[in-house]
2 protein chains.
Amino acid sequence: MSRKAKEIEHNLPTLADVATRAGVSTATVSRCLNSPGQVQEHTRLRVMTAVQELGYSPNFGARALAARRTNTIGAIIPTMENAIFARAIQAFQEELHASGVTLLIASSSYSPEIEEEQIRALVARGADALLLIGHDRSPEVYQFLESRGVPVLISWVYDPALARLSIGFDNRLAMAGLAAEVLQLGHRNIGIISAECAGNDRARARVDGVHDAMRAQGLDPSMAHLIETHYSIENGGKALWHMMQHDPRPTAVICANDVLAVGAVQMARRLGLRVPDDISITGFDDIELARVVEPPLTTVHVPHREMGRQAARLLVDMVAGAPARESVRLETTLQIRGTLAAPPA
Amino acid sequence: MSRKAKEIEHNLPTLADVATRAGVSTATVSRCLNSPGQVQEHTRLRVMTAVQELGYSPNFGARALAARRTNTIGAIIPTMENAIFARAIQAFQEELHASGVTLLIASSSYSPEIEEEQIRALVARGADALLLIGHDRSPEVYQFLESRGVPVLISWVYDPALARLSIGFDNRLAMAGLAAEVLQLGHRNIGIISAECAGNDRARARVDGVHDAMRAQGLDPSMAHLIETHYSIENGGKALWHMMQHDPRPTAVICANDVLAVGAVQMARRLGLRVPDDISITGFDDIELARVVEPPLTTVHVPHREMGRQAARLLVDMVAGAPARESVRLETTLQIRGTLAAPPA
DNA sequence: GCGTTGAATGTAAGCGCTTACATAATTTCA
DNA sequence: TGAAATTATGTAAGCGCTTACATTCAACGC
């Protein structure tokens, strides 16, 4: 586009326009906007009037360029399609908004490549810090972030073995707790429907949790029938169907999240199985869906909103340069509901 | 922060650094990145190598400032907490991503004030265009957008009466179709659970749709018991409970969306009512929840993903300065499922 | 009254990039 | 073969803002 053409385009008022109109320098206008305390009351009023009259609003790019700071935090979540991350992100955004920080959200569709791309995009856009889900990603990515000086907070996991700052819960322990409950009812043929574990530490930890519980009962973890699939209701159903083709059929199916579990419950019924009389099914996350399905899902409740809120505070502090904080561990609670019972006699 | 302090901070490589290393001018580097076709293959290679070696990534602010374009599109949705908007937005984002455009999402919590704030924030950040839900907002907001030269696409509605470009479906007609189905089964005592209509044209249109259908059957629309509430499962339940305290009790409750309807179904069962034998309940949107609840919800299917995808294409074209397009009307389809039956004899 | 001080404001140098225009290198064609 | 046309690259002027430093000015103490 030619420069000519541009001139007849929208020419928004700039700081300089405001300065001229108010009869002050651009520096003063800038100060009125950013640190009003430094400016005499009456000149501030004059400036603000000019701002109003011109309908001025600052140019973000220029501001970011000059100030080397954007008041923007980025978050990359695996998916927006189901409620798993939505609630936490909503709380995260509300809390950030209260601190005057804008949130940029991207979703990676559970793809490490897309995630890396999104990370670079957000950093390039000047995100002051990033919220990421889970630890699993290539060292290069962390190195890149480090070299950029972009603080990162990992959420959805609490793993004391890793040095990186995180906020979340112990997926493994939480799942082990639920699995222990299942085993204690006498179930011995266990099925596990998990997300794909490669590149997903939460999924791995949850599977490990089930295995831990089995070992604690003197069972061989390899006896559990494990199916990995993409998170979706449909895939949960398919996985259950596959499991039921094998001998011995599981009497309890532990799912790595509620979405899979709901699919499994629906498929079970379609197969003519009564839940929980013929088969027990459990989920993880305690999203809305868990209470809607019939019978309501036994699952692990995760304090999503709390996690989002605290993550926001942590990140704001990190950007402000507060001294390093410790990882935060949130508690999960078992929600024993209608889909869990003793195995059929 | 003092300039001194800054110097010991992260000093990222700039375009100039890349240029020096590759032994070319900054202009050439810029061209390699933005219009590689204009550059000789071998110099491009040299430049790209330098980019790699330095780990260079462009500064968004500077780029936006110089190019007066951000390749960013903003979307403001009422909520991220449930799936209503999630699916459309996911598709929207995927399509934008394919066009090299970044999506900025904000949620307004159904508050016009917050929405206006978010609009201004996104515009200030240089959003090249905006996707908004519904037409209802103050003229000042539209004026502001116009003065900024920011193209806007309204989604979730198709209302030929309004000149503004939109993509969506005819909420009124769709709901009228569903209501006609309900009335035809013989229902005469109708309840309507709606979102708050003030500032929500979709909600209003849906209620109007029910009224249209009633009029078509020679019924007085004011006979319908209307309750307005915030979208949530819980509120859907509460609303149903209230309705059941009044005489005559409705034999069919038409809900403005699936979330409310699911709450209503669950409350009905808690009250000992059989759905659909004692009471029919319908939803709108056809989100996942609709199939999970027992019995599955009769609802209006909305092509969310298609809407998101097409919205993205439209907006990309608009930013590129394509000639004005016409509003797009998408078709909805009735999903008659288990929650709808004739009224009890 | 005059130097001193401190607060309020102004001056101007970038921030890192794009792009119009100038220049240099290459190709084309009579 | 040389002038013209075409293509590749370089030069440098901003884009709109922040902020270190310079300047001005009023208030104050002696």
# chains A, B, ... in the order shown; residues from 1 in each chain; ligands from 1
$ interface_residues --of "chain D" --to "chain A" --cutoff "7 Å" --atoms "only C-alpha atoms (C1' of nucleotides)" --output "PyMOL selection string"
chain D and resi 16-18
$ residues_around --residues "DA8 (chain C)" --least-positions-apart "5" --cutoff "8 Å" --atoms "only C-alpha atoms (C1' of nucleotides)" --output "PyMOL selection string"
chain A and resi 38-40
$ write_last_selection --atoms "N, CA and C atoms" --output "PDB file, in the first residue's frame"
ATOM      1  N   GLN A  38       3.068  12.401  39.281  1.00  0.00           N
ATOM      2  CA  GLN A  38       4.193  13.295  39.004  1.00  0.00           C
ATOM      3  C   GLN A  38       3.770  14.605  38.364  1.00  0.00           C
ATOM      4  N   VAL A  39       2.469  14.747  38.154  1.00  0.00           N
ATOM      5  CA  VAL A  39       2.022  15.875  37.354  1.00  0.00           C
ATOM      6  C   VAL A  39       1.050  16.763  38.142  1.00  0.00           C
ATOM      7  N   GLN A  40       1.189  18.041  37.960  1.00  0.00           N
ATOM      8  CA  GLN A  40       0.331  19.011  38.633  1.00  0.00           C
ATOM      9  C   GLN A  40      -1.134  18.731  38.295  1.00  0.00           C
TER      10      GLN A  40
END
$ interface_residues --of "chain C" --to "chain A" --cutoff "9 Å" --atoms "only C-alpha atoms (C1' of nucleotides)" --output "ChimeraX atom specification"
/C:7-11,14-16,20
$ interface_residues --of "chain B" --to "chain A" --cutoff "7 Å" --atoms "only C-alpha atoms" --output "VMD selection string"
chain B and resid 10 12 57 to 62 64 to 65 80 to 83 86 to 87 90 104 to 105 124 to 126 148 to 149 289 292 to 294
$ residues_around --residues "DT7 (chain D)" --least-positions-apart "4" --cutoff "9 Å" --atoms "only C-alpha atoms (C1' of nucleotides)" --output "list in words"
Gln38 of chain B; DA25, DT26 and DT27 of chain C
$ select_by_dssp --residues "region 110-175 of chain B" --states "alpha helix (DSSP H)" --output "NGL selection string"
:B and (112-124 or 139-148 or 171-175)
$ residues_around --residues "Asp136 (chain B)" --least-positions-apart "4" --cutoff "10 Å" --atoms "only C-alpha atoms (C1' of nucleotides)" --output "PyMOL selection string"
chain B and resi 112+132+154+198-202
$ write_last_selection --atoms "N, CA and C atoms" --output "short mmCIF file (atom, residue, chain, number, x, y, z; two decimals), in the first residue's frame"
data_model
loop_
_atom_site.label_atom_id
_atom_site.label_comp_id
_atom_site.auth_asym_id
_atom_site.auth_seq_id
_atom_site.Cartn_x
_atom_site.Cartn_y
_atom_site.Cartn_z
N PRO B 112 -21.95 -5.87 29.73
CA PRO B 112 -21.69 -4.88 28.67
C PRO B 112 -20.51 -3.97 29.02
N LEU B 132 -17.44 -10.27 17.43
CA LEU B 132 -18.27 -10.04 18.61
C LEU B 132 -19.50 -10.93 18.54
N ILE B 154 -20.18 -9.60 13.47
CA ILE B 154 -21.06 -10.04 14.55
C ILE B 154 -21.41 -11.50 14.29
N ALA B 198 -32.18 -8.35 28.46
CA ALA B 198 -31.60 -7.01 28.31
C ALA B 198 -30.16 -7.16 27.84
N GLY B 199 -29.85 -6.52 26.74
CA GLY B 199 -28.48 -6.57 26.23
C GLY B 199 -28.11 -7.88 25.60
N ASN B 200 -29.09 -8.73 25.35
CA ASN B 200 -28.78 -10.02 24.74
C ASN B 200 -29.80 -10.32 23.65
N ASP B 201 -29.48 -9.91 22.45
CA ASP B 201 -30.44 -10.06 21.37
C ASP B 201 -30.74 -11.51 21.02
N ARG B 202 -29.75 -12.39 21.24
CA ARG B 202 -30.02 -13.81 20.95
C ARG B 202 -31.12 -14.31 21.87
#
$ residues_around --residues "DC29 (chain C)" --least-positions-apart "5" --cutoff "12 Å" --atoms "only C-alpha atoms (C1' of nucleotides)" --output "PyMOL selection string"
chain D and resi 1-5
$ closest_residue --among "C:DG6, C:DA12, C:DT28, C:DA22" --to "DT24 (chain D)" --atoms "only C-alpha atoms (C1' of nucleotides)"
C:DG6
$ residues_around --residues "region 211-220 of chain A" --least-positions-apart "4" --cutoff "6 Å" --atoms "only C-alpha atoms (C1' of nucleotides)" --output "count of residues only"
3
$ closest_residue --among "B:Glu113, B:Pro250, B:Arg204, B:Asp286" --to "His135 (chain B)" --atoms "only C-alpha atoms"
B:Arg204
$ select_by_dssp --residues "region 132-341 of chain A" --states "strand (DSSP E or B)" --output "number ranges by chain"
A: 132-133, 152-155, 166-168, 190-195, 225-229, 252-255, 280-282, 285, 298-301, 328-329, 333-335
$ residues_around --residues "Leu271 (chain A)" --least-positions-apart "6" --cutoff "12 Å" --atoms "only C-alpha atoms (C1' of nucleotides)" --output "MDAnalysis selection string"
chainID A and resid 237:238 240:245 264:265 278:279
$ closest_residue --among "B:Val18, B:Arg249, B:Ile254, B:Leu33" --to "Val207 (chain B)" --atoms "only C-alpha atoms"
B:Ile254
$ atom_distance --atom1 "CA of Ala22 (chain B)" --atom2 "CA of Gln143 (chain A)"
23.7 Å
